[in-house]
>>> print(open('upload.txt').read())   # compact mmCIF, C-alpha atoms
# COMPACT_ATOMS: atom_id res chain seq x y z
CA MET K 23 -204.40 27.44 -14.51
CA ARG K 24 -203.17 29.31 -11.43
CA ILE K 25 -199.53 28.94 -12.56
CA ILE K 26 -200.34 30.34 -15.99
CA ILE K 27 -202.15 33.32 -14.48
CA ILE K 28 -199.25 34.09 -12.13
CA LEU K 29 -196.73 33.89 -14.97
CA CYS K 30 -198.84 36.18 -17.17
CA ILE K 31 -199.12 38.73 -14.36
CA ALA K 32 -195.33 38.65 -13.83
CA LEU K 33 -194.59 39.07 -17.53
CA PHE K 34 -197.17 41.89 -17.72
CA GLN K 35 -195.37 43.60 -14.85
CA ILE K 36 -192.05 43.27 -16.71
CA THR K 37 -193.67 44.87 -19.77
CA LEU K 38 -194.93 47.78 -17.68
CA ASN K 39 -191.48 48.36 -16.21
CA ALA K 40 -189.85 48.10 -19.63
CA THR K 41 -191.99 50.94 -20.99
CA ALA K 42 -191.23 53.28 -18.09
CA GLN K 43 -187.68 54.07 -19.24
CA THR K 44 -185.49 53.58 -22.26
CA PRO K 45 -183.47 50.31 -22.26
CA PHE K 46 -180.01 51.09 -23.61
CA PHE K 47 -177.80 48.24 -22.37
CA GLN K 48 -178.74 44.56 -22.53
CA GLU K 49 -176.80 41.41 -21.77
CA ASN K 50 -178.23 37.90 -22.13
CA PHE K 51 -174.92 35.95 -21.98
CA ASN K 52 -175.93 33.80 -24.95
CA ASN K 53 -172.66 32.23 -26.10
CA ALA K 54 -174.00 28.79 -27.17
CA CYS K 55 -171.65 27.11 -24.68
CA ALA K 56 -172.94 23.95 -23.01
CA SER K 57 -170.54 23.97 -20.06
CA GLY K 58 -167.11 25.01 -18.84
CA CYS K 59 -166.72 28.42 -20.56
CA LEU K 60 -165.06 30.89 -18.21
CA ALA K 61 -166.72 34.29 -17.85
CA ASN K 62 -163.30 35.92 -18.08
CA SER K 63 -163.27 34.97 -21.78
CA TYR K 64 -166.84 36.02 -22.57
CA VAL K 65 -167.35 38.84 -25.10
CA GLY K 66 -170.92 40.00 -25.61
CA THR K 67 -172.43 42.48 -28.03
CA ASN K 68 -171.42 45.33 -25.68
CA GLY K 69 -167.83 44.20 -25.15
CA ALA K 70 -165.72 41.92 -22.95
CA TRP K 71 -166.65 40.87 -19.42
CA THR K 72 -163.86 40.35 -16.92
CA VAL K 73 -163.37 38.62 -13.57
CA THR K 74 -161.28 40.34 -10.88
CA PRO K 75 -160.11 38.81 -7.57
CA THR K 76 -161.58 40.92 -4.73
CA GLY K 77 -160.42 38.94 -1.70
CA VAL K 78 -159.18 35.50 -0.62
CA ASN K 79 -159.27 32.85 -3.34
CA GLY K 80 -158.07 29.35 -2.53
CA ALA K 81 -156.22 26.98 -4.85
CA ASN K 82 -159.54 25.42 -5.91
CA ALA K 83 -161.67 28.57 -5.83
CA ASN K 84 -165.02 28.44 -7.57
CA GLU K 85 -165.18 30.20 -10.93
CA TRP K 86 -167.52 32.51 -12.80
CA PHE K 87 -168.79 30.66 -15.88
CA VAL K 88 -170.93 31.74 -18.84
CA SER K 89 -172.75 28.71 -20.21
CA CYS K 90 -176.15 27.09 -20.33
CA ALA K 91 -175.11 24.55 -17.71
CA GLU K 92 -177.45 26.78 -15.71
CA ASP K 93 -180.23 27.65 -18.12
CA GLY K 94 -182.19 30.89 -17.94
CA PHE K 95 -185.12 29.42 -19.87
CA LEU K 96 -188.21 29.17 -17.67
CA ALA K 97 -189.30 25.72 -18.82
CA ASN K 98 -191.07 25.13 -15.52
CA PRO K 99 -192.46 28.52 -14.35
CA PHE K 100 -189.77 30.39 -12.43
CA CYS K 101 -187.58 27.29 -12.05
CA ALA K 102 -184.02 27.23 -13.39
CA ASN K 103 -183.67 24.55 -16.04
CA GLY K 104 -180.41 22.92 -17.17
CA CYS K 105 -179.69 23.01 -20.89
CA SER K 106 -179.77 19.94 -23.06
CA GLY K 107 -177.18 19.19 -25.71
CA GLY K 108 -175.70 22.67 -25.55
CA SER K 109 -178.86 24.38 -26.77
CA GLY K 110 -180.34 26.69 -24.19
CA ASP K 111 -180.34 30.11 -22.59
CA ALA K 112 -176.84 30.63 -21.20
CA THR K 113 -176.29 32.51 -17.95
CA ALA K 114 -173.43 33.87 -15.87
CA HIS K 115 -173.02 31.77 -12.73
CA ILE K 116 -170.64 30.51 -10.06
CA GLY K 117 -169.61 26.85 -10.25
CA ASN K 118 -166.96 24.56 -8.86
CA VAL K 119 -163.82 23.54 -10.74
CA SER K 120 -162.78 19.96 -11.48
CA THR K 121 -159.98 20.02 -8.87
CA SER K 122 -162.16 21.10 -5.94
CA THR K 123 -162.29 18.81 -2.90
CA ALA K 124 -165.87 17.61 -3.43
CA ALA K 125 -165.84 17.72 -7.22
CA PHE K 126 -165.98 13.92 -7.44
CA LEU K 127 -169.28 14.06 -5.58
CA ILE K 128 -171.03 17.20 -6.84
CA CYS K 129 -169.58 17.88 -10.29
CA PRO K 130 -166.48 15.97 -11.49
CA GLY K 131 -165.83 18.10 -14.56
CA GLY K 132 -166.73 21.48 -13.06
CA ASP K 133 -169.54 23.86 -14.06
CA CYS K 134 -172.58 21.68 -13.41
CA ARG K 135 -175.16 24.44 -13.04
CA ALA K 136 -175.02 27.01 -10.18
CA ILE K 137 -173.45 24.51 -7.80
CA TYR K 138 -170.43 25.53 -5.74
CA ASP K 139 -167.92 23.78 -3.51
CA ASP K 140 -167.35 25.15 0.00
CA THR K 141 -165.70 22.09 1.54
CA THR K 142 -162.33 23.50 2.65
CA PRO K 143 -160.41 26.82 2.66
CA ALA K 144 -158.94 25.70 -0.66
CA GLU K 145 -162.39 26.40 -2.16
CA ALA K 146 -162.70 29.89 -0.62
CA THR K 147 -163.80 32.33 -3.31
CA ASP K 148 -163.98 36.14 -3.52
CA SER K 149 -164.19 37.39 -7.10
CA ARG K 150 -166.18 39.93 -9.07
CA LEU K 151 -167.73 39.57 -12.51
CA GLU K 152 -167.40 42.98 -14.19
CA SER K 153 -169.28 44.36 -17.16
CA PRO K 154 -167.62 46.23 -20.01
CA VAL K 155 -167.70 50.03 -19.79
CA ILE K 156 -171.28 51.28 -20.21
CA ASP K 157 -171.85 54.72 -21.71
CA CYS K 158 -174.69 56.24 -19.67
CA SER K 159 -174.05 59.79 -20.92
CA PRO K 160 -177.37 60.03 -22.80
CA TYR K 161 -179.38 59.03 -19.71
CA ASN K 162 -180.23 59.86 -16.12
CA ASN K 163 -182.34 58.26 -13.35
CA LEU K 164 -180.79 54.92 -14.19
CA SER K 165 -181.80 51.49 -12.99
CA LEU K 166 -180.45 47.94 -13.26
CA GLN K 167 -182.87 45.09 -13.93
CA MET K 168 -182.06 41.40 -14.09
CA MET K 169 -183.25 37.90 -13.21
CA TYR K 170 -181.30 35.71 -10.82
CA ILE K 171 -181.27 32.67 -8.56
CA LEU K 172 -179.24 32.69 -5.34
CA GLY K 173 -178.56 30.43 -2.39
CA GLY K 174 -175.51 30.80 -0.17
CA VAL K 175 -175.63 30.94 3.63
CA SER K 176 -175.84 34.48 5.03
CA CYS K 177 -174.59 38.01 4.49
CA ALA K 178 -171.47 37.07 6.46
CA ASN K 179 -170.85 33.69 4.81
CA ASP K 180 -171.43 32.84 1.13
CA PHE K 181 -173.28 35.75 -0.46
CA LEU K 182 -173.52 37.99 -3.53
CA GLN K 183 -173.15 41.76 -3.54
CA ILE K 184 -173.64 44.19 -6.41
CA ASN K 185 -170.90 46.72 -7.10
CA TYR K 186 -170.80 49.87 -9.22
CA PHE K 187 -167.92 51.70 -10.90
CA ASP K 188 -168.28 55.43 -11.57
CA GLY K 189 -165.18 55.71 -13.74
CA THR K 190 -162.83 56.18 -10.79
CA THR K 191 -163.71 53.88 -7.90
CA TRP K 192 -165.79 50.78 -7.17
CA ALA K 193 -168.59 51.07 -4.61
CA THR K 194 -171.15 48.63 -3.19
CA ILE K 195 -174.77 49.40 -4.06
CA ASN K 196 -176.29 46.20 -2.66
CA PRO K 197 -174.15 44.59 0.07
CA CYS K 198 -176.14 41.35 0.16
CA LEU K 199 -178.56 40.30 -2.56
CA ALA K 200 -181.58 38.51 -1.12
CA PRO K 201 -181.61 34.72 -1.67
CA THR K 202 -184.37 33.35 -3.85
CA ILE K 203 -186.99 30.88 -2.72
CA ASN K 204 -186.07 27.36 -3.69
CA ASN K 205 -189.12 25.13 -3.87
CA CYS K 206 -188.46 23.68 -7.32
CA PRO K 207 -188.47 19.92 -7.75
CA ALA K 208 -185.38 18.08 -8.96
CA PRO K 209 -183.57 18.49 -11.26
CA TYR K 210 -184.29 22.24 -11.12
CA THR K 211 -181.68 24.21 -9.18
CA GLY K 212 -183.95 26.93 -7.84
CA ASN K 213 -186.54 29.62 -8.52
CA TRP K 214 -185.67 32.64 -10.63
CA ALA K 215 -186.40 36.11 -9.30
CA ILE K 216 -187.44 37.38 -12.71
CA ASN K 217 -187.85 41.11 -12.15
CA TYR K 218 -185.19 42.35 -9.71
CA THR K 219 -184.62 46.11 -10.08
CA LEU K 220 -182.02 48.33 -8.40
CA ALA K 221 -181.60 52.10 -8.79
CA LEU K 222 -178.07 53.23 -9.70
CA PRO K 223 -176.38 56.10 -7.82
CA ALA K 224 -176.81 59.66 -9.06
CA SER K 225 -173.18 59.64 -10.19
CA ALA K 226 -174.24 57.31 -13.02
CA ASN K 227 -176.34 60.09 -14.58
CA ALA K 228 -174.77 61.22 -17.87
CA ASN K 229 -171.64 59.20 -16.97
CA PRO K 230 -169.82 57.60 -19.95
CA ASN K 231 -167.66 55.27 -17.82
CA VAL K 232 -170.04 53.15 -15.75
CA ARG K 233 -169.46 49.47 -15.00
CA ILE K 234 -171.56 46.97 -13.03
CA GLY K 235 -169.96 44.23 -10.91
CA PHE K 236 -171.26 41.08 -9.21
CA ARG K 237 -169.05 39.97 -6.32
CA TRP K 238 -169.43 36.39 -5.07
CA VAL K 239 -167.95 35.52 -1.66
CA SER K 240 -167.82 32.03 -0.13
CA ASN K 241 -165.48 31.33 2.78
CA GLY K 242 -164.74 27.61 2.42
CA ASN K 243 -165.89 26.71 5.94
CA GLY K 244 -167.67 23.52 4.92
CA VAL K 245 -171.16 24.99 5.06
CA GLY K 246 -172.91 26.03 1.86
CA THR K 247 -176.34 25.99 0.29
CA ASP K 248 -176.88 25.61 -3.45
CA PRO K 249 -177.63 27.31 -5.73
CA SER K 250 -174.70 29.72 -5.69
CA ILE K 251 -175.57 32.63 -8.01
CA SER K 252 -176.82 32.71 -11.57
CA ILE K 253 -177.59 35.94 -13.45
CA ASN K 254 -179.35 36.54 -16.74
CA ASN K 255 -181.18 39.15 -18.83
CA ILE K 256 -179.40 42.24 -17.50
CA VAL K 257 -180.96 45.51 -18.66
CA LEU K 258 -179.96 49.09 -17.85
CA ARG K 259 -182.67 51.70 -18.30
CA GLY K 260 -182.80 55.45 -17.97
CA ASP K 261 -184.55 58.63 -18.92
CA SER K 262 -183.07 59.99 -22.13
CA ASN K 263 -181.32 63.33 -21.77
CA PHE K 264 -180.02 63.44 -25.33
CA LEU K 265 -182.28 66.39 -26.11
CA ALA K 266 -181.94 68.14 -22.75
CA LEU K 267 -179.54 70.56 -24.43
CA PRO K 268 -180.11 70.04 -28.18
CA PHE K 269 -177.79 71.43 -30.84
CA SER K 270 -179.23 73.01 -33.99
CA HIS K 271 -176.35 71.53 -35.99
CA PHE K 272 -173.41 69.25 -35.35
CA ALA K 273 -171.15 67.70 -37.99
CA ALA K 274 -167.79 65.92 -38.04
CA LEU K 275 -166.18 65.60 -41.47
CA PRO K 276 -162.74 64.82 -42.89
CA ASP K 277 -160.63 67.83 -43.88
CA GLN K 278 -157.39 66.76 -45.60
CA GLN K 279 -155.53 64.82 -42.88
CA ASN K 280 -157.73 66.22 -40.11
CA VAL K 281 -161.30 66.04 -38.82
CA ARG K 282 -163.22 69.28 -38.57
CA LEU K 283 -166.12 69.64 -36.13
CA ASN K 284 -168.79 72.32 -36.51
CA TRP K 285 -171.73 72.89 -34.20
CA ILE K 286 -174.44 75.44 -33.49
CA PRO K 287 -176.04 75.50 -30.02
CA SER K 288 -179.80 76.00 -29.93
CA ASP K 289 -179.47 78.75 -27.33
CA THR K 290 -176.33 80.85 -27.07
CA GLU K 291 -177.28 82.40 -23.74
CA ASN K 292 -176.01 81.08 -20.39
CA ILE K 293 -173.51 78.61 -21.91
CA GLN K 294 -170.22 78.46 -20.01
CA ARG K 295 -168.09 76.09 -22.09
CA PHE K 296 -167.95 73.11 -24.43
CA HIS K 297 -165.95 69.91 -23.99
CA ILE K 298 -164.89 68.11 -27.17
CA GLU K 299 -164.70 64.37 -26.54
CA ARG K 300 -163.41 61.54 -28.74
CA SER K 301 -163.68 57.76 -28.57
CA GLU K 302 -162.17 54.88 -30.51
CA ASP K 303 -164.98 52.43 -29.69
CA GLY K 304 -168.08 54.63 -29.40
CA ARG K 305 -168.38 53.87 -25.68
CA THR K 306 -165.45 55.32 -23.72
CA PHE K 307 -164.95 59.02 -24.51
CA ILE K 308 -161.86 61.06 -23.62
CA LEU K 309 -161.73 64.84 -23.32
CA GLN K 310 -159.72 66.38 -26.17
CA ASP K 311 -160.19 70.11 -25.68
CA GLU K 312 -162.29 72.80 -24.05
CA ILE K 313 -163.78 75.88 -25.66
CA ILE K 314 -165.13 78.79 -23.62
CA ALA K 315 -168.50 79.98 -24.92
CA THR K 316 -169.50 83.59 -25.57
CA PRO K 317 -173.06 84.89 -26.12
CA SER K 318 -172.04 86.60 -29.36
CA THR K 319 -170.73 83.42 -30.99
CA LEU K 320 -173.39 81.62 -33.01
CA GLN K 321 -171.30 78.81 -34.52
CA TYR K 322 -168.30 76.94 -33.15
CA ALA K 323 -165.58 74.87 -34.81
CA TRP K 324 -162.72 72.66 -33.69
CA THR K 325 -160.17 70.63 -35.66
CA ASP K 326 -158.71 67.29 -34.64
CA THR K 327 -155.23 67.44 -36.11
CA ARG K 328 -154.28 63.95 -34.93
CA PRO K 329 -157.26 61.65 -35.60
CA LEU K 330 -156.92 57.95 -34.91
CA ASP K 331 -156.52 55.40 -37.68
CA GLY K 332 -159.86 53.70 -38.18
CA ILE K 333 -163.11 54.98 -36.68
CA ASN K 334 -163.16 58.18 -34.62
CA TYR K 335 -166.29 58.98 -32.60
CA TYR K 336 -166.96 62.56 -31.51
CA ARG K 337 -169.45 64.31 -29.25
CA ILE K 338 -169.78 67.75 -27.66
CA ARG K 339 -170.62 68.25 -24.00
CA GLN K 340 -172.24 71.60 -23.24
CA ILE K 341 -171.91 72.97 -19.69
CA ASP K 342 -174.17 75.87 -18.67
CA MET K 343 -173.55 78.65 -16.17
CA ASP K 344 -175.79 76.91 -13.62
CA GLY K 345 -173.78 73.69 -13.85
CA ASN K 346 -176.30 71.74 -15.94
CA ALA K 347 -174.78 69.74 -18.77
CA GLY K 348 -175.93 67.87 -21.83
CA TYR K 349 -174.50 66.09 -24.85
CA SER K 350 -174.77 66.33 -28.58
CA ASP K 351 -175.42 63.13 -30.44
CA ILE K 352 -172.39 61.12 -31.57
CA LYS K 353 -170.72 61.52 -34.98
CA SER K 354 -168.24 59.08 -36.47
CA VAL K 355 -165.50 59.54 -39.05
CA ASN K 356 -163.67 56.50 -40.41
CA PHE K 357 -160.05 57.26 -41.33
CA GLY K 358 -158.41 54.59 -43.43
CA ILE K 359 -154.88 54.90 -44.74
CA ASP K 360 -155.75 57.71 -47.15
CA LYS K 361 -158.60 59.19 -45.10
CA THR K 362 -160.95 59.35 -48.08
CA PHE K 363 -164.02 57.46 -46.87
CA ALA K 364 -166.11 58.82 -44.00
CA LEU K 365 -169.54 58.64 -42.39
CA ASN K 366 -171.51 61.50 -40.84
CA PHE K 367 -174.50 59.97 -39.10
CA PRO K 368 -176.71 61.15 -36.20
CA THR K 369 -176.98 58.45 -33.56
CA VAL K 370 -180.36 59.28 -32.01
CA TYR K 371 -183.75 58.98 -33.72
CA THR K 372 -187.33 59.00 -32.53
CA THR K 373 -189.78 56.25 -33.46
CA GLY K 374 -191.12 56.94 -36.95
CA GLN K 375 -188.16 59.13 -37.96
CA THR K 376 -186.21 57.97 -41.03
CA PRO K 377 -182.43 57.76 -40.47
CA VAL K 378 -180.26 59.33 -43.17
CA ALA K 379 -176.50 58.67 -43.36
CA GLU K 380 -174.16 61.13 -45.08
CA ILE K 381 -171.25 59.27 -46.69
CA TYR K 382 -168.16 60.98 -48.07
CA THR K 383 -166.02 59.23 -50.68
CA SER K 384 -163.06 60.61 -52.60
CA GLU K 385 -163.92 58.48 -55.63
CA ASN K 386 -166.87 56.66 -57.17
CA ARG K 387 -167.36 53.36 -55.42
CA THR K 388 -169.97 50.67 -54.73
CA VAL K 389 -170.84 49.70 -51.19
CA MET K 390 -172.94 47.20 -49.27
CA VAL K 391 -175.26 48.83 -46.69
CA ARG K 392 -176.76 46.86 -43.82
CA VAL K 393 -178.66 47.70 -40.62
CA THR K 394 -179.00 45.06 -37.89
CA ASP K 395 -180.61 45.05 -34.47
CA MET K 396 -178.75 44.01 -31.32
CA SER K 397 -179.55 40.34 -31.93
CA GLY K 398 -177.89 40.49 -35.38
CA ARG K 399 -181.18 40.36 -37.33
CA VAL K 400 -180.92 42.31 -40.61
CA ILE K 401 -183.67 44.91 -40.90
CA HIS K 402 -182.35 46.85 -43.93
CA SER K 403 -179.82 45.96 -46.60
CA HIS K 404 -178.55 47.03 -50.00
CA THR K 405 -175.96 44.74 -51.54
CA ALA K 406 -174.71 47.11 -54.26
CA LEU K 407 -175.25 50.83 -53.72
CA ASP K 408 -173.37 53.16 -56.09
CA LEU K 409 -171.82 56.23 -54.46
CA LYS K 410 -170.62 59.24 -56.42
CA ARG K 411 -167.46 61.15 -55.57
CA GLY K 412 -168.23 63.65 -52.79
CA TYR K 413 -171.12 63.55 -50.32
CA ASN K 414 -173.96 61.03 -50.63
CA ASP K 415 -177.17 60.87 -48.59
CA VAL K 416 -178.33 57.30 -47.92
CA THR K 417 -181.82 56.76 -46.50
CA LEU K 418 -182.22 53.76 -44.20
CA GLU K 419 -185.55 51.95 -44.02
CA THR K 420 -186.43 51.30 -40.36
CA THR K 421 -190.22 51.65 -40.50
CA GLY K 422 -191.96 49.63 -37.83
CA GLN K 423 -188.83 48.94 -35.77
CA SER K 424 -189.14 49.11 -32.00
CA ALA K 425 -187.09 51.32 -29.70
CA GLY K 426 -183.55 50.07 -29.09
CA TRP K 427 -179.96 50.05 -30.34
CA TYR K 428 -179.08 49.26 -33.98
CA LEU K 429 -175.87 48.91 -35.98
CA LEU K 430 -175.21 50.51 -39.39
CA GLU K 431 -172.49 48.94 -41.53
CA ILE K 432 -171.22 50.28 -44.87
CA VAL K 433 -168.70 48.01 -46.59
CA PRO K 434 -166.92 48.94 -49.88
CA VAL K 435 -167.24 46.25 -52.55
CA SER K 436 -165.58 48.10 -55.44
CA GLY K 437 -163.26 51.06 -55.89
CA SER K 438 -159.88 51.44 -54.19
CA THR K 439 -159.10 48.66 -51.71
CA ASP K 440 -157.77 50.94 -48.95
CA ALA K 441 -161.20 52.08 -47.72
CA PHE K 442 -162.18 50.62 -44.38
CA PRO K 443 -165.75 49.54 -43.54
CA LEU K 444 -167.80 52.23 -41.82
CA ARG K 445 -169.80 51.29 -38.71
CA SER K 446 -171.96 53.29 -36.33
CA ARG K 447 -174.35 52.35 -33.53
CA PHE K 448 -177.59 54.36 -33.25
CA ILE K 449 -180.68 54.32 -31.09
CA ILE K 450 -184.36 54.62 -31.87
CA ARG K 451 -186.23 55.86 -28.82
>>> encode(input="upload.txt", output="structure tokens")
Amino acid sequence: MRIIIILCIALFQITLNATAQTPFFQENFNNACASGCLANSYVGTNGAWTVTPTGVNGANANEWFVSCAEDGFLANPFCANGCSGGSGDATAHIGNVSTSTAAFLICPGGDCRAIYDDTTPAEATDSRLESPVIDCSPYNNLSLQMMYILGGVSCANDFLQINYFDGTTWATINPCLAPTINNCPAPYTGNWAINYTLALPASANANPNVRIGFRWVSNGNGVGTDPSISINNIVLRGDSNFLALPFSHFAALPDQQNVRLNWIPSDTENIQRFHIERSEDGRTFILQDEIIATPSTLQYAWTDTRPLDGINYYRIRQIDMDGNAGYSDIKSVNFGIDKTFALNFPTVYTTGQTPVAEIYTSENRTVMVRVTDMSGRVIHSHTALDLKRGYNDVTLETTGQSAGWYLLEIVPVSGSTDAFPLRSRFIIR
């Protein structure tokens, strides 16, 4: 009974923390791999993770793996549990390789849970697991939350540090993550710290180019303590600043071979300038132009004369005289070969608000409309929706859905074959 009460209290605490800020980035590493899948090849719902050498790595250096060889499922309260038959909760973890000196003894095939080899300098390891680029531009006061198990030796020998990338340079934000208590019975590897939270630097506020890194260092001196490191259920949270500087109107629509942007700021006073930014993936935005604001101008326009083939994402950054800045929501325009099929869709909604997508088509066509959550679960679909030539408003049913990120997909099923599918991520907060 005591174990159940403790677990309920811990989960209740997680729930309280989850409601304090908006979760906008989540990574559970669920790739359905039983063992041996390198993290450098892992692609999650937010993009590809990479592994970068950050120091000395011997010929048999330990590797970052993503698999359920080390399972994140809490089968025994707080204890890490190995997966069975490939079905389990995969994690990112450090494990030995099959050629390491003690592999024959600890793990002949490599990647047997969060177990590492530190026998000789050939097993010395210094590498960083790096997240894809995370767009934090809609948020400030950010924090990282995750669960982990960790052994190692000390902050000088065999340890894990957390790094942060601000778009220009990597910095260390936790030089030595605290080891977890390991009082789990065999075959459990160790206890999970299930609610670790770390505040991100102020430079992450409204930053579209953030990355998180986990650097494992083991020196191959023959002394090591399992488990190495295993990470799961990463969540980034922040206070939404989407509406800190709201726009009365913002649209991005095709205009012949171009894309024309129009926007109306809510308050024309004290605005210094606007930055027009474009992205090809909806995450990493690049400055395209700058427009100086004037109090007498009520509406602004800008034309992209060289849009990308495929989907173009646009947003406007407003900078005030006092240095404060805020963003519009994100608009997307899909340019196929003939640039005749496009989507104008706000990307931020409040709970209870009904999303409406404006679709432009140069001809009558039938489309499939689908909305999925981040797990891939379909929450709204229409298999054959007839669109008329011109602009069409499509209402999306999201009643009862919780706050979080969703994906809208619009796929042509009849009409000319040169129209590309339209896709846009949006958030309910």
>>> residues_around(input="upload.txt", residues="Met396 in chain K", least_positions_apart="2", cutoff="8 Å", atoms="all atoms listed in the file", output="PyMOL selection string")
chain K and resi 67+394+398-399+427-429
>>> write_last_selection(input="upload.txt", atoms="C-alpha atoms", output="PDB file, in the frame of the given file")
ATOM      1  CA  THR K  67    -172.430  42.480 -28.030  1.00  0.00           C
ATOM      2  CA  THR K 394    -179.000  45.060 -37.890  1.00  0.00           C
ATOM      3  CA  GLY K 398    -177.890  40.490 -35.380  1.00  0.00           C
ATOM      4  CA  ARG K 399    -181.180  40.360 -37.330  1.00  0.00           C
ATOM      5  CA  TRP K 427    -179.960  50.050 -30.340  1.00  0.00           C
ATOM      6  CA  TYR K 428    -179.080  49.260 -33.980  1.00  0.00           C
ATOM      7  CA  LEU K 429    -175.870  48.910 -35.980  1.00  0.00           C
TER       8      LEU K 429
END
>>> closest_residue(input="upload.txt", among="K:Gly242, K:Pro130, K:Pro75, K:Gly117", to="Ala144 in chain K", atoms="only C-alpha atoms")
K:Gly242
>>> atom_distance(input="upload.txt", atom1="CA of Phe100 in chain K", atom2="CA of Ile216 in chain K")
7.4 Å
>>> closest_residue(input="upload.txt", among="K:Thr113, K:Gln279, K:Thr362, K:Thr373", to="Ile251 in chain K", atoms="all atoms listed in the file")
K:Thr113
>>> closest_residue(input="upload.txt", among="K:Ala221, K:Val119, K:Ile298, K:Ala315", to="Leu258 in chain K", atoms="all atoms listed in the file")
K:Ala221
>>> closest_residue(input="upload.txt", among="K:Ile234, K:Val245, K:Leu283, K:Val433", to="Ile381 in chain K", atoms="all atoms listed in the file")
K:Val433
>>> closest_residue(input="upload.txt", among="K:Arg411, K:Arg387, K:Arg135, K:Arg337", to="Phe269 in chain K", atoms="all atoms listed in the file")
K:Arg337
>>> build_atoms(input="upload.txt", residues="range 150-165 of chain K", atoms="N, CA and C atoms", output="mmCIF file, in the frame of the given file")
data_model
loop_
_atom_site.group_PDB
_atom_site.id
_atom_site.type_symbol
_atom_site.label_atom_id
_atom_site.label_comp_id
_atom_site.auth_asym_id
_atom_site.auth_seq_id
_atom_site.Cartn_x
_atom_site.Cartn_y
_atom_site.Cartn_z
ATOM 1 N N ARG K 150 -165.127 39.078 -8.519
ATOM 2 C CA ARG K 150 -166.180 39.930 -9.070
ATOM 3 C C ARG K 150 -166.251 39.812 -10.588
ATOM 4 N N LEU K 151 -167.452 39.546 -11.075
ATOM 5 C CA LEU K 151 -167.730 39.570 -12.510
ATOM 6 C C LEU K 151 -168.049 41.008 -12.894
ATOM 7 N N GLU K 152 -167.285 41.556 -13.853
ATOM 8 C CA GLU K 152 -167.400 42.980 -14.190
ATOM 9 C C GLU K 152 -167.838 43.162 -15.636
ATOM 10 N N SER K 153 -168.782 44.055 -15.823
ATOM 11 C CA SER K 153 -169.280 44.360 -17.160
ATOM 12 C C SER K 153 -168.258 45.172 -17.936
ATOM 13 N N PRO K 154 -168.406 45.259 -19.255
ATOM 14 C CA PRO K 154 -167.620 46.230 -20.010
ATOM 15 C C PRO K 154 -168.057 47.634 -19.612
ATOM 16 N N VAL K 155 -167.326 48.639 -20.061
ATOM 17 C CA VAL K 155 -167.700 50.030 -19.790
ATOM 18 C C VAL K 155 -169.043 50.317 -20.464
ATOM 19 N N ILE K 156 -169.940 50.948 -19.715
ATOM 20 C CA ILE K 156 -171.280 51.280 -20.210
ATOM 21 C C ILE K 156 -171.404 52.794 -20.311
ATOM 22 N N ASP K 157 -171.699 53.285 -21.493
ATOM 23 C CA ASP K 157 -171.850 54.720 -21.710
ATOM 24 C C ASP K 157 -173.261 55.136 -21.314
ATOM 25 N N CYS K 158 -173.384 55.764 -20.158
ATOM 26 C CA CYS K 158 -174.690 56.240 -19.670
ATOM 27 C C CYS K 158 -174.876 57.728 -19.936
ATOM 28 N N SER K 159 -173.991 58.338 -20.734
ATOM 29 C CA SER K 159 -174.050 59.790 -20.920
ATOM 30 C C SER K 159 -175.370 60.292 -21.489
ATOM 31 N N PRO K 160 -176.092 59.507 -22.308
ATOM 32 C CA PRO K 160 -177.370 60.030 -22.800
ATOM 33 C C PRO K 160 -178.525 59.901 -21.812
ATOM 34 N N TYR K 161 -178.267 59.398 -20.582
ATOM 35 C CA TYR K 161 -179.380 59.030 -19.710
ATOM 36 C C TYR K 161 -179.162 59.485 -18.270
ATOM 37 N N ASN K 162 -180.278 59.639 -17.550
ATOM 38 C CA ASN K 162 -180.230 59.860 -16.120
ATOM 39 C C ASN K 162 -181.330 59.030 -15.455
ATOM 40 N N ASN K 163 -181.383 59.076 -14.111
ATOM 41 C CA ASN K 163 -182.340 58.260 -13.350
ATOM 42 C C ASN K 163 -182.244 56.791 -13.757
ATOM 43 N N LEU K 164 -181.047 56.257 -13.656
ATOM 44 C CA LEU K 164 -180.790 54.920 -14.190
ATOM 45 C C LEU K 164 -181.169 53.812 -13.219
ATOM 46 N N SER K 165 -181.491 52.664 -13.792
ATOM 47 C CA SER K 165 -181.800 51.490 -12.990
ATOM 48 C C SER K 165 -181.252 50.236 -13.663
#
